[in-house]
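One file, final.cif, is given below (mmCIF, C-alpha atoms).
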data_final
loop_
_atom_site.label_atom_id
_atom_site.label_comp_id
_atom_site.auth_asym_id
_atom_site.auth_seq_id
_atom_site.Cartn_x
_atom_site.Cartn_y
_atom_site.Cartn_z
CA MET A 1 -56.49 -5.14 2.77
CA LYS A 2 -55.74 -1.91 4.64
CA PHE A 3 -55.47 1.40 2.82
CA ALA A 4 -52.56 3.53 3.84
CA TYR A 5 -52.95 6.83 2.00
CA GLY A 6 -54.11 8.44 -1.24
CA LEU A 7 -52.05 10.32 -3.82
CA PRO A 8 -53.79 12.64 -6.30
CA VAL A 9 -53.14 11.84 -9.96
CA ILE A 10 -54.25 14.24 -12.72
CA LEU A 11 -55.59 12.69 -15.93
CA LEU A 12 -56.07 14.83 -19.04
CA ALA A 13 -58.70 13.63 -21.51
CA ALA A 14 -59.62 15.95 -24.37
CA THR A 15 -60.90 19.13 -22.70
CA ASN A 16 -61.83 17.48 -19.43
CA VAL A 17 -59.52 17.38 -16.42
CA MET A 18 -60.22 14.59 -13.98
CA VAL A 19 -58.50 14.13 -10.62
CA VAL A 20 -58.19 10.52 -9.47
CA HIS A 21 -56.84 9.46 -6.09
CA GLN A 22 -54.28 6.69 -6.46
CA VAL A 23 -54.52 4.54 -3.38
CA ALA A 24 -51.42 2.93 -1.90
CA VAL A 25 -52.42 -0.43 -0.45
CA ALA A 26 -50.87 -1.74 2.75
CA LEU A 27 -49.97 -5.40 2.45
CA GLU A 28 -51.20 -8.13 4.75
CA PRO A 29 -48.53 -9.70 7.01
CA PRO A 30 -48.19 -12.86 4.86
CA GLN A 31 -47.44 -10.68 1.83
CA VAL A 32 -44.80 -8.73 3.73
CA ASN A 33 -43.36 -12.01 4.98
CA ALA A 34 -43.00 -13.23 1.40
CA ILE A 35 -40.92 -10.12 0.66
CA ALA A 36 -38.87 -10.54 3.83
CA LYS A 37 -37.95 -14.12 2.97
CA LYS A 38 -36.53 -13.08 -0.40
CA ILE A 39 -34.27 -10.31 0.92
CA THR A 40 -33.22 -11.81 4.29
CA VAL A 41 -30.03 -13.86 4.59
CA ARG A 42 -28.72 -16.05 7.36
CA ILE A 43 -25.24 -15.29 8.71
CA SER A 44 -23.23 -18.00 10.45
CA GLY A 45 -19.67 -17.97 11.76
CA PRO A 46 -17.96 -16.86 14.95
CA GLU A 47 -21.25 -15.07 15.67
CA ALA A 48 -24.75 -15.95 14.45
CA GLY A 49 -27.03 -13.34 12.99
CA THR A 50 -29.08 -12.12 10.07
CA GLY A 51 -28.61 -9.70 7.19
CA VAL A 52 -30.62 -8.05 4.45
CA MET A 53 -29.62 -7.61 0.81
CA VAL A 54 -29.81 -3.88 0.09
CA LYS A 55 -27.96 -3.44 -3.20
CA LYS A 56 -27.04 -5.27 -6.39
CA GLU A 57 -24.44 -4.12 -8.92
CA GLY A 58 -23.87 -6.71 -11.62
CA ASN A 59 -23.12 -9.95 -9.76
CA ASN A 60 -22.10 -8.10 -6.61
CA TYR A 61 -24.57 -8.03 -3.69
CA THR A 62 -24.32 -5.80 -0.61
CA VAL A 63 -25.65 -7.14 2.69
CA LEU A 64 -26.47 -4.82 5.60
CA THR A 65 -26.29 -6.23 9.13
CA ASN A 66 -25.27 -5.29 12.66
CA TRP A 67 -21.60 -4.73 13.36
CA HIS A 68 -21.82 -6.91 16.46
CA VAL A 69 -22.87 -9.83 14.22
CA VAL A 70 -19.62 -9.75 12.20
CA ASP A 71 -17.09 -8.01 14.48
CA THR A 72 -15.24 -11.20 15.48
CA PRO A 73 -12.36 -12.27 13.17
CA GLY A 74 -13.01 -15.47 11.29
CA THR A 75 -14.92 -16.89 8.34
CA TYR A 76 -18.63 -16.23 7.87
CA ILE A 77 -21.21 -17.98 5.71
CA ILE A 78 -24.05 -16.04 4.10
CA GLN A 79 -26.98 -18.29 3.19
CA THR A 80 -29.77 -17.06 0.94
CA GLN A 81 -33.38 -18.25 0.79
CA ASN A 82 -32.62 -20.83 -1.91
CA GLY A 83 -30.04 -22.46 0.36
CA ARG A 84 -26.94 -21.29 -1.50
CA ARG A 85 -23.98 -20.41 0.69
CA TYR A 86 -21.30 -17.77 0.19
CA ARG A 87 -18.07 -17.71 2.20
CA ILE A 88 -16.97 -14.31 3.53
CA ASN A 89 -13.76 -13.50 5.40
CA TYR A 90 -13.68 -11.01 8.25
CA SER A 91 -11.30 -8.82 6.24
CA GLU A 92 -14.13 -8.21 3.77
CA VAL A 93 -16.44 -6.75 6.43
CA THR A 94 -16.73 -2.95 6.59
CA ARG A 95 -18.18 -1.15 9.58
CA LEU A 96 -20.44 1.74 8.62
CA SER A 97 -19.04 4.07 11.30
CA GLU A 98 -17.73 3.99 14.86
CA GLU A 99 -20.98 5.50 16.16
CA VAL A 100 -23.44 3.04 14.59
CA ASP A 101 -23.89 -0.71 15.10
CA LEU A 102 -24.10 -1.38 11.36
CA ALA A 103 -21.79 -3.10 8.89
CA VAL A 104 -21.85 -4.05 5.22
CA VAL A 105 -20.42 -7.11 3.55
CA GLU A 106 -20.43 -8.11 -0.10
CA PHE A 107 -20.68 -11.41 -1.92
CA GLN A 108 -20.75 -12.33 -5.59
CA SER A 109 -23.32 -14.56 -7.25
CA LYS A 110 -24.79 -15.13 -10.69
CA GLN A 111 -28.11 -15.88 -9.00
CA ASN A 112 -30.78 -13.22 -9.45
CA TYR A 113 -31.73 -12.27 -5.89
CA GLU A 114 -34.17 -9.54 -4.95
CA THR A 115 -32.92 -6.65 -2.87
CA ALA A 116 -34.83 -4.57 -0.36
CA LYS A 117 -36.83 -1.52 -1.35
CA ILE A 118 -35.62 1.10 1.09
CA GLY A 119 -38.25 3.32 2.68
CA ASN A 120 -38.07 6.57 4.62
CA SER A 121 -37.82 5.85 8.34
CA ASP A 122 -38.45 9.54 9.17
CA LYS A 123 -42.04 9.06 8.03
CA VAL A 124 -42.65 6.10 10.35
CA THR A 125 -44.48 7.34 13.44
CA GLU A 126 -45.22 5.82 16.82
CA GLY A 127 -48.09 3.34 16.62
CA THR A 128 -47.23 2.34 13.04
CA THR A 129 -47.35 -1.37 12.24
CA VAL A 130 -43.92 -2.83 11.49
CA HIS A 131 -42.72 -6.34 10.67
CA ALA A 132 -39.44 -7.95 11.75
CA ALA A 133 -37.68 -10.99 10.27
CA GLY A 134 -34.57 -12.99 11.00
CA TRP A 135 -32.92 -16.33 11.69
CA VAL A 136 -33.28 -17.49 15.29
CA THR A 137 -30.57 -19.55 16.99
CA PRO A 138 -31.61 -22.78 18.76
CA ASP A 139 -33.71 -22.29 21.88
CA ARG A 140 -36.72 -23.94 23.56
CA VAL A 141 -38.84 -23.19 20.49
CA CYS A 142 -36.28 -23.50 17.70
CA LEU A 143 -34.91 -27.04 17.79
CA GLU A 144 -33.13 -26.79 14.43
CA PRO A 145 -29.66 -25.29 13.78
CA ARG A 146 -31.42 -22.04 12.77
CA CYS A 147 -35.10 -21.12 12.39
CA TYR A 148 -36.61 -18.36 10.26
CA ASN A 149 -38.89 -16.10 12.30
CA PHE A 150 -41.33 -13.34 11.28
CA SER A 151 -43.29 -11.17 13.68
CA THR A 152 -45.69 -8.26 13.44
CA GLY A 153 -45.89 -5.46 15.99
CA ASN A 154 -45.86 -1.71 16.40
CA LEU A 155 -43.33 1.05 16.75
CA ILE A 156 -43.89 2.16 20.34
CA GLY A 157 -41.08 4.65 20.91
CA ILE A 158 -38.72 6.96 19.02
CA ARG A 159 -35.56 8.31 20.63
CA ASN A 160 -34.00 11.48 19.29
CA ARG A 161 -30.77 10.60 21.06
CA SER A 162 -29.62 7.00 21.14
CA LYS A 163 -26.55 4.84 21.60
CA ASP A 164 -25.12 3.04 18.54
CA GLY A 165 -28.05 4.27 16.41
CA TYR A 166 -30.79 2.37 18.26
CA GLY A 167 -33.49 5.05 18.01
CA TRP A 168 -36.55 2.80 17.79
CA ILE A 169 -38.40 0.72 20.38
CA TYR A 170 -40.89 -1.73 18.92
CA SER A 171 -43.17 -4.46 20.24
CA ASN A 172 -42.18 -7.21 17.79
CA GLU A 173 -40.91 -10.40 19.39
CA VAL A 174 -37.25 -10.49 18.35
CA ARG A 175 -35.14 -13.44 19.46
CA ARG A 176 -31.44 -14.25 19.53
CA GLY A 177 -30.01 -14.61 16.02
CA MET A 178 -32.34 -12.05 14.43
CA SER A 179 -29.84 -9.22 14.92
CA GLY A 180 -29.18 -7.54 11.59
CA GLY A 181 -32.51 -8.63 10.11
CA PRO A 182 -34.98 -6.30 8.38
CA VAL A 183 -37.73 -4.18 9.89
CA LEU A 184 -40.34 -3.59 7.17
CA ASP A 185 -43.29 -1.22 6.97
CA GLU A 186 -46.80 -2.15 5.82
CA GLU A 187 -45.76 -1.91 2.17
CA GLY A 188 -42.77 -4.21 2.58
CA ARG A 189 -40.17 -1.43 2.46
CA LEU A 190 -37.03 -1.63 4.59
CA VAL A 191 -37.31 1.01 7.33
CA GLY A 192 -35.06 -0.41 10.05
CA ILE A 193 -32.58 -3.06 11.18
CA ASN A 194 -33.14 -5.39 14.16
CA GLY A 195 -30.47 -5.23 16.78
CA ARG A 196 -30.96 -5.39 20.51
CA ALA A 197 -33.29 -6.54 23.24
CA LYS A 198 -33.29 -5.16 26.77
CA THR A 199 -35.03 -7.33 29.31
CA SER A 200 -35.77 -6.08 32.79
CA PRO A 201 -38.78 -8.05 34.11
CA PRO A 202 -41.58 -7.40 33.71
CA PHE A 203 -40.48 -5.12 30.86
CA ARG A 204 -38.88 -6.17 27.57
CA ASP A 205 -37.72 -3.59 25.06
CA PHE A 206 -36.77 -4.53 21.52
CA LEU A 207 -34.61 -1.99 19.71
CA ALA A 208 -33.97 -1.23 16.04
CA ILE A 209 -31.87 1.20 14.00
CA PRO A 210 -33.88 3.42 11.61
CA ILE A 211 -32.78 2.82 8.02
CA ASN A 212 -32.17 6.52 7.36
CA ILE A 213 -29.05 6.26 9.52
CA TYR A 214 -27.67 3.87 6.90
CA VAL A 215 -28.95 5.98 4.00
CA ASN A 216 -27.54 9.24 5.36
CA THR A 217 -24.16 7.91 6.50
CA PRO A 218 -21.39 8.48 3.94
CA PRO A 219 -20.22 5.18 2.47
CA PRO A 220 -17.11 3.78 4.17
CA LEU A 221 -13.84 3.75 2.30
CA THR A 222 -13.56 0.74 0.05
CA LYS A 223 -11.13 -1.82 1.32
CA ILE A 224 -8.41 -2.63 -1.17
CA GLN A 225 -8.04 -6.33 -1.67
CA PHE A 226 -4.58 -7.48 -2.77
CA THR A 227 -4.06 -10.65 -4.80
CA LEU A 228 -0.72 -12.33 -5.42
CA ALA A 229 -0.02 -11.90 -9.15
CA LYS A 230 3.23 -13.84 -9.47
CA THR A 231 6.35 -14.94 -7.63
CA LEU A 232 9.80 -14.34 -9.10
CA SER A 233 12.44 -16.92 -8.26
CA GLY A 234 15.90 -17.81 -9.44
CA ASP A 235 18.13 -16.47 -6.69
CA THR A 236 19.60 -18.81 -4.12
CA THR A 237 20.05 -16.00 -1.62
CA SER A 238 17.89 -13.42 0.12
CA PHE A 239 16.72 -10.15 -1.42
CA ASN A 240 17.45 -6.91 0.40
CA SER A 241 15.73 -4.41 -1.87
CA VAL A 242 13.58 -4.12 -4.99
CA ALA A 243 12.63 -1.23 -7.29
CA PHE A 244 10.40 -0.82 -10.34
CA SER A 245 11.53 1.15 -13.36
CA PRO A 246 9.39 4.29 -13.99
CA ASP A 247 7.52 2.59 -16.85
CA GLY A 248 6.79 -0.46 -14.68
CA ARG A 249 8.21 -2.89 -17.21
CA THR A 250 11.39 -3.77 -15.36
CA LEU A 251 12.13 -4.77 -11.80
CA ALA A 252 15.57 -4.62 -10.16
CA SER A 253 16.52 -6.55 -7.04
CA GLY A 254 19.54 -6.30 -4.73
CA SER A 255 20.79 -9.50 -3.11
CA TRP A 256 22.97 -10.86 -0.34
CA ASP A 257 25.17 -12.49 -3.01
CA ASN A 258 26.48 -8.98 -3.92
CA SER A 259 24.60 -8.93 -7.23
CA ILE A 260 21.72 -7.03 -8.84
CA LYS A 261 19.15 -8.97 -10.84
CA ILE A 262 17.07 -7.34 -13.62
CA TRP A 263 13.63 -8.89 -14.28
CA ASP A 264 10.88 -8.55 -16.85
CA ALA A 265 8.00 -7.47 -14.61
CA ALA A 266 5.30 -8.85 -16.91
CA THR A 267 6.70 -12.35 -17.46
CA GLY A 268 8.87 -12.73 -14.35
CA LYS A 269 11.81 -13.73 -16.53
CA GLN A 270 15.28 -12.84 -15.24
CA LEU A 271 16.97 -10.69 -17.90
CA LYS A 272 20.46 -10.05 -16.59
CA THR A 273 22.71 -10.02 -13.51
CA LEU A 274 24.89 -7.04 -12.60
CA THR A 275 28.04 -7.69 -10.59
CA GLY A 276 30.59 -5.29 -9.14
CA HIS A 277 29.84 -4.85 -5.44
CA SER A 278 32.07 -6.75 -3.06
CA LYS A 279 29.36 -7.08 -0.40
CA SER A 280 25.58 -7.36 -0.13
CA VAL A 281 23.46 -4.88 -2.14
CA SER A 282 21.29 -3.12 0.42
CA SER A 283 19.47 -0.45 -1.61
CA ILE A 284 18.52 0.22 -5.21
CA ALA A 285 16.76 2.93 -7.26
CA PHE A 286 15.99 3.81 -10.88
CA SER A 287 16.53 7.33 -12.22
CA PRO A 288 13.29 9.14 -13.21
CA ASN A 289 13.86 8.38 -16.91
CA GLY A 290 14.69 4.73 -16.18
CA ARG A 291 17.99 4.86 -18.06
CA THR A 292 20.27 4.56 -15.06
CA LEU A 293 20.21 2.51 -11.91
CA ALA A 294 21.87 3.30 -8.59
CA SER A 295 22.78 0.70 -5.99
CA GLY A 296 24.05 0.98 -2.41
CA SER A 297 26.02 -1.75 -0.70
CA TRP A 298 27.50 -3.02 2.53
CA ASP A 299 30.85 -2.32 0.88
CA ASN A 300 30.13 1.40 1.67
CA SER A 301 29.92 2.33 -2.02
CA ILE A 302 27.29 3.47 -4.50
CA LYS A 303 27.44 2.27 -8.07
CA ILE A 304 25.69 3.81 -11.08
CA TRP A 305 24.67 1.44 -13.89
CA ASP A 306 23.34 1.72 -17.42
CA ALA A 307 19.95 0.07 -16.94
CA ALA A 308 19.67 -1.08 -20.55
CA THR A 309 23.10 -2.67 -20.98
CA GLY A 310 24.01 -3.44 -17.37
CA LYS A 311 27.33 -1.64 -17.78
CA GLN A 312 28.80 -0.10 -14.63
CA LEU A 313 29.17 3.65 -15.21
CA LYS A 314 30.47 5.09 -11.95
CA THR A 315 31.38 4.29 -8.36
CA LEU A 316 30.70 6.88 -5.64
CA THR A 317 32.60 6.64 -2.37
CA GLY A 318 32.30 8.73 0.75
CA HIS A 319 30.31 6.71 3.28
CA SER A 320 32.30 5.08 6.06
CA GLU A 321 29.59 2.47 6.68
CA TRP A 322 27.06 0.57 4.55
CA VAL A 323 24.68 2.49 2.28
CA SER A 324 21.24 1.63 3.62
CA SER A 325 19.09 3.72 1.27
CA ILE A 326 19.29 5.76 -1.93
CA ALA A 327 16.88 7.95 -3.91
CA PHE A 328 16.99 10.10 -7.04
CA SER A 329 15.56 13.62 -7.09
CA PRO A 330 12.51 14.10 -9.40
CA ASN A 331 14.69 15.64 -12.14
CA GLY A 332 17.29 12.89 -11.80
CA ARG A 333 20.19 15.34 -11.37
CA THR A 334 20.75 14.63 -7.67
CA LEU A 335 21.11 11.44 -5.68
CA ALA A 336 20.65 11.13 -1.91
CA SER A 337 22.12 8.28 0.11
CA GLY A 338 21.84 7.24 3.73
CA GLY A 339 24.63 5.47 5.60
CA MET A 340 24.62 3.57 8.86
CA HIS A 341 26.33 0.83 10.77
CA PRO A 342 23.94 -2.11 11.26
CA PHE A 343 25.13 -2.80 14.81
CA ASP A 344 26.79 0.41 16.01
CA LEU A 345 24.67 3.56 16.35
CA SER A 346 27.85 5.63 16.62
CA GLY A 347 28.75 4.71 13.03
CA ASP A 348 28.22 6.71 9.82
CA ASN A 349 24.56 7.69 10.35
CA SER A 350 24.71 10.36 7.64
CA ILE A 351 22.85 11.44 4.52
CA LYS A 352 24.94 12.47 1.54
CA ILE A 353 23.80 14.44 -1.49
CA TRP A 354 25.52 13.72 -4.80
CA ASP A 355 25.57 15.89 -7.92
CA VAL A 356 25.17 13.18 -10.52
CA ALA A 357 24.39 15.72 -13.25
CA SER A 358 28.10 16.50 -13.45
CA LEU A 359 28.93 12.84 -13.99
CA PHE A 360 26.84 12.02 -17.06
CA PRO A 361 25.59 13.55 -20.30
CA THR A 362 22.22 15.30 -19.92
CA ASP A 363 20.34 12.64 -21.92
CA LYS A 364 21.33 10.03 -19.36
CA LEU A 365 19.39 11.84 -16.66
CA ARG A 366 16.25 13.16 -18.39
#
With the file now loaded, output its structure as structure tokens.
Amino acid sequence: MKFAYGLPVILLAATNVMVVHQVAVALEPPQVNAIAKKITVRISGPEAGTGVMVKKEGNNYTVLTNWHVVDTPGTYIIQTQNGRRYRINYSEVTRLSEEVDLAVVEFQSKQNYETAKIGNSDKVTEGTTVHAAGWVTPDRVCLEPRCYNFSTGNLIGIRNRSKDGYGWIYSNEVRRGMSGGPVLDEEGRLVGINGRAKTSPPFRDFLAIPINIYVNTPPPLTKIQFTLAKTLSGDTTSFNSVAFSPDGRTLASGSWDNSIKIWDAATGKQLKTLTGHSKSVSSIAFSPNGRTLASGSWDNSIKIWDAATGKQLKTLTGHSEWVSSIAFSPNGRTLASGGMHPFDLSGDNSIKIWDVASLFPTDKLR
């Protein structure tokens, strides 16, 4: 065993004060390797590389790797030490920043995997022993699809200015496929990420990204994943426009068959059909209180409906071409409509403002 440093600890016993030095023990390479195997994952897909599990929240694991390992669109497989595989799509990959060759990807598992203990790379000095791990791609030594590799070396250079975050040069033998793998200190803490090798005989430089670049970089914006909740069907013609009621419970759709369909948004059940336009319904909007509905049509008119009963309340005319869009003002007292000719730019091409407050009782609009 090698002793790294001592930390003073004060023990109070009765009236005596005793200072004891707590010694932090540096691990032997096989012990660090045992840690590396638990936190290192194999990444396969359009590119082959390695990753390290850095965070666990419930059943959600975060893997840190190089951006160049996962920057090609496609499907990737993350394989953990126990051989379990997790499928990841390129859309789920998030680059840390444009200036750093790092990316994070998440997978879910009920398995209890260990995650890396993150160290302070600013305290790692030149000459310090470091360990690198990763999954090598087939070569003259690795005759299998992928081979796990662990090597011990030293940090031999620190760059204050570097490209893509590669501020470390180290002597560890790092081979193809180990990009994105962990660089650990003598206590098995994650202090860097493998990444690049520059070979210019007789010199070979292996480069890593200090982990503090990851720690100190603001987390990227979370990607919003959309899932199809339901599909509403029942029309035999195309839909031109849709609009939710303000409370989100009702959905209205305008169709090529000149009708408006009202749907229960939760169940997808069609509630009623509103008819009155002589041509396709091109635009639709609920009033802010949800009590009235406005529709614009290719018949150049706007119709106002009672949203609850489906009764037609008013027809507004004034556009010389089809009404392509409509919108209520926030207080519901004004309606704006846009007109255009679908094939002739010299057509209507106007916006009209309507005072709908003068058409209905106040309670219809608020």
Could you give me, as a Markdown table, a per-residue list for segment 202-299 of chain A showing, wherever an atom lies at most 7 Å from an atom of segment 315-325 of chain A, the closest pair of atoms and their distance in Å to one decimal, using all atoms listed in the file and sorting by chain then residue number from low to high?
| residue | atom | partner | partner_atom | distance |
| --- | --- | --- | --- | --- |
| A:Ser282 | CA | A:Ser324 | CA | 5.7 |
| A:Ser283 | CA | A:Ser325 | CA | 5.1 |
| A:Gly296 | CA | A:Val323 | CA | 5.0 |
| A:Ser297 | CA | A:Val323 | CA | 5.4 |
| A:Trp298 | CA | A:Trp322 | CA | 4.1 |
| A:Asp299 | CA | A:Trp322 | CA | 6.0 |
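Computed from the coordinates, the atom CA of Ile78 of chain A to atom CA of Ala208 of chain A distance equals 21.5 Å.
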>> Between atom CA of Asn120 of chain A and atom CA of Glu92 of chain A, what is the distance in Å, rounded to a tenth?
In response: 28.1 Å
>> Give me the residues near Phe150 of chain A as a ChimeraX atom specification, where near means some atom within 10 Å (using all atoms listed in the file) and where sequence neighbours in that chain fewer than 2 positions away do not count.
In response: /A:29-30,32-33,36-37,131-136,148,152,172-174,178,182-183
>> For a quick check of understanding, using all atoms listed in the file, which of A:Thr115, A:Asn60, A:Asn194, A:Asn66 has the smallest distance to Ile35 of chain A?
In response: A:Thr115
> Written as JSON, numbers by chain, which residues does the PyMOL selection byres ((chain A and resi 268-271) around 9) give for the file shown?
Replying inline: {"A": [230, 231, 232, 233, 234, 251, 261, 262, 263, 264, 265, 266, 267, 272, 273]}
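For the pair atom CA of Ser171 of chain A and atom CA of Ile156 of chain A, the interatomic distance is 6.7 Å.
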Determine the axis-aligned bounding box of all atoms of segment 167-183 of chain A present in the file, pad each side by 3 Å, and express its centre and edge lengths in Å to one decimal place as JSON.
{"center_x": -36.2, "center_y": -4.8, "center_z": 14.4, "size_x": 20.0, "size_y": 25.7, "size_z": 18.0}
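Distance annotation: of A:Gly332, A:Gly51, A:Pro138, A:Gly254, the residue with the minimal separation from Ala116 of chain A is A:Gly51; atom set is all atoms listed in the file.
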> Where does the PyMOL selection byres ((chain A and resi 165) around 12) land in this file, that is, which residues does it pick, as an MDAnalysis selection string?
Replying inline: chainID A and resid 66:67 96:102 158:164 166:169 192:196 207:214 217
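Proximity to Phe107 of chain A was assessed for A:Tyr90, A:Phe328, A:Tyr61, A:Trp354 counting only C-alpha atoms; the smallest distance is recorded for A:Tyr61.
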Selection in question (the file shown): the PyMOL selection byres ((chain A and resi 86) around 9). Which residues does it include, as a short mmCIF file (atom, residue, chain, number, x, y, z; two decimals) with C-alpha atoms, keeping the file's coordinate frame?
data_model
loop_
_atom_site.label_atom_id
_atom_site.label_comp_id
_atom_site.auth_asym_id
_atom_site.auth_seq_id
_atom_site.Cartn_x
_atom_site.Cartn_y
_atom_site.Cartn_z
CA TYR A 76 -18.63 -16.23 7.87
CA ILE A 77 -21.21 -17.98 5.71
CA ILE A 78 -24.05 -16.04 4.10
CA GLN A 79 -26.98 -18.29 3.19
CA THR A 80 -29.77 -17.06 0.94
CA ARG A 84 -26.94 -21.29 -1.50
CA ARG A 85 -23.98 -20.41 0.69
CA ARG A 87 -18.07 -17.71 2.20
CA ILE A 88 -16.97 -14.31 3.53
CA PHE A 107 -20.68 -11.41 -1.92
CA GLN A 108 -20.75 -12.33 -5.59
CA SER A 109 -23.32 -14.56 -7.25
#
Can you sort out segment 313-335 of chain A so it carries N, CA and C atoms, written as an mmCIF file, keeping the file's coordinate frame?
data_model
loop_
_atom_site.group_PDB
_atom_site.id
_atom_site.type_symbol
_atom_site.label_atom_id
_atom_site.label_comp_id
_atom_site.auth_asym_id
_atom_site.auth_seq_id
_atom_site.Cartn_x
_atom_site.Cartn_y
_atom_site.Cartn_z
ATOM 1 N N LEU A 313 28.754 2.340 -14.732
ATOM 2 C CA LEU A 313 29.170 3.650 -15.210
ATOM 3 C C LEU A 313 30.037 4.405 -14.229
ATOM 4 N N LYS A 314 29.760 4.272 -12.939
ATOM 5 C CA LYS A 314 30.470 5.090 -11.950
ATOM 6 C C LYS A 314 30.370 4.458 -10.575
ATOM 7 N N THR A 315 31.399 4.684 -9.766
ATOM 8 C CA THR A 315 31.380 4.290 -8.360
ATOM 9 C C THR A 315 31.559 5.526 -7.509
ATOM 10 N N LEU A 316 30.641 5.733 -6.547
ATOM 11 C CA LEU A 316 30.700 6.880 -5.640
ATOM 12 C C LEU A 316 31.116 6.390 -4.261
ATOM 13 N N THR A 317 32.135 7.015 -3.702
ATOM 14 C CA THR A 317 32.600 6.640 -2.370
ATOM 15 C C THR A 317 32.587 7.865 -1.472
ATOM 16 N N GLY A 318 32.374 7.628 -0.196
ATOM 17 C CA GLY A 318 32.300 8.730 0.750
ATOM 18 C C GLY A 318 31.696 8.303 2.073
ATOM 19 N N HIS A 319 30.865 7.250 2.034
ATOM 20 C CA HIS A 319 30.310 6.710 3.280
ATOM 21 C C HIS A 319 31.353 5.833 3.964
ATOM 22 N N SER A 320 31.370 5.908 5.295
ATOM 23 C CA SER A 320 32.300 5.080 6.060
ATOM 24 C C SER A 320 31.641 3.788 6.533
ATOM 25 N N GLU A 321 30.311 3.686 6.313
ATOM 26 C CA GLU A 321 29.590 2.470 6.680
ATOM 27 C C GLU A 321 28.690 2.099 5.491
ATOM 28 N N TRP A 322 27.859 1.063 5.675
ATOM 29 C CA TRP A 322 27.060 0.570 4.550
ATOM 30 C C TRP A 322 25.991 1.571 4.147
ATOM 31 N N VAL A 323 25.660 1.567 2.854
ATOM 32 C CA VAL A 323 24.680 2.490 2.280
ATOM 33 C C VAL A 323 23.301 1.832 2.374
ATOM 34 N N SER A 324 22.508 2.296 3.317
ATOM 35 C CA SER A 324 21.240 1.630 3.620
ATOM 36 C C SER A 324 20.095 2.048 2.715
ATOM 37 N N SER A 325 20.186 3.266 2.124
ATOM 38 C CA SER A 325 19.090 3.720 1.270
ATOM 39 C C SER A 325 19.597 4.743 0.264
ATOM 40 N N ILE A 326 18.950 4.777 -0.904
ATOM 41 C CA ILE A 326 19.290 5.760 -1.930
ATOM 42 C C ILE A 326 18.020 6.208 -2.631
ATOM 43 N N ALA A 327 18.036 7.436 -3.190
ATOM 44 C CA ALA A 327 16.880 7.950 -3.910
ATOM 45 C C ALA A 327 17.312 9.057 -4.855
ATOM 46 N N PHE A 328 16.754 9.037 -6.083
ATOM 47 C CA PHE A 328 16.990 10.100 -7.040
ATOM 48 C C PHE A 328 16.025 11.259 -6.784
ATOM 49 N N SER A 329 16.465 12.468 -7.106
ATOM 50 C CA SER A 329 15.560 13.620 -7.090
ATOM 51 C C SER A 329 14.622 13.502 -8.287
ATOM 52 N N PRO A 330 13.470 14.207 -8.293
ATOM 53 C CA PRO A 330 12.510 14.100 -9.400
ATOM 54 C C PRO A 330 13.104 14.409 -10.773
ATOM 55 N N ASN A 331 14.099 15.321 -10.832
ATOM 56 C CA ASN A 331 14.690 15.640 -12.140
ATOM 57 C C ASN A 331 15.885 14.739 -12.471
ATOM 58 N N GLY A 332 16.226 13.851 -11.554
ATOM 59 C CA GLY A 332 17.290 12.890 -11.800
ATOM 60 C C GLY A 332 18.700 13.445 -11.721
ATOM 61 N N ARG A 333 18.856 14.720 -11.368
ATOM 62 C CA ARG A 333 20.190 15.340 -11.370
ATOM 63 C C ARG A 333 20.910 15.190 -10.027
ATOM 64 N N THR A 334 20.162 14.759 -9.006
ATOM 65 C CA THR A 334 20.750 14.630 -7.670
ATOM 66 C C THR A 334 20.399 13.268 -7.086
ATOM 67 N N LEU A 335 21.323 12.714 -6.345
ATOM 68 C CA LEU A 335 21.110 11.440 -5.680
ATOM 69 C C LEU A 335 21.372 11.625 -4.186
#
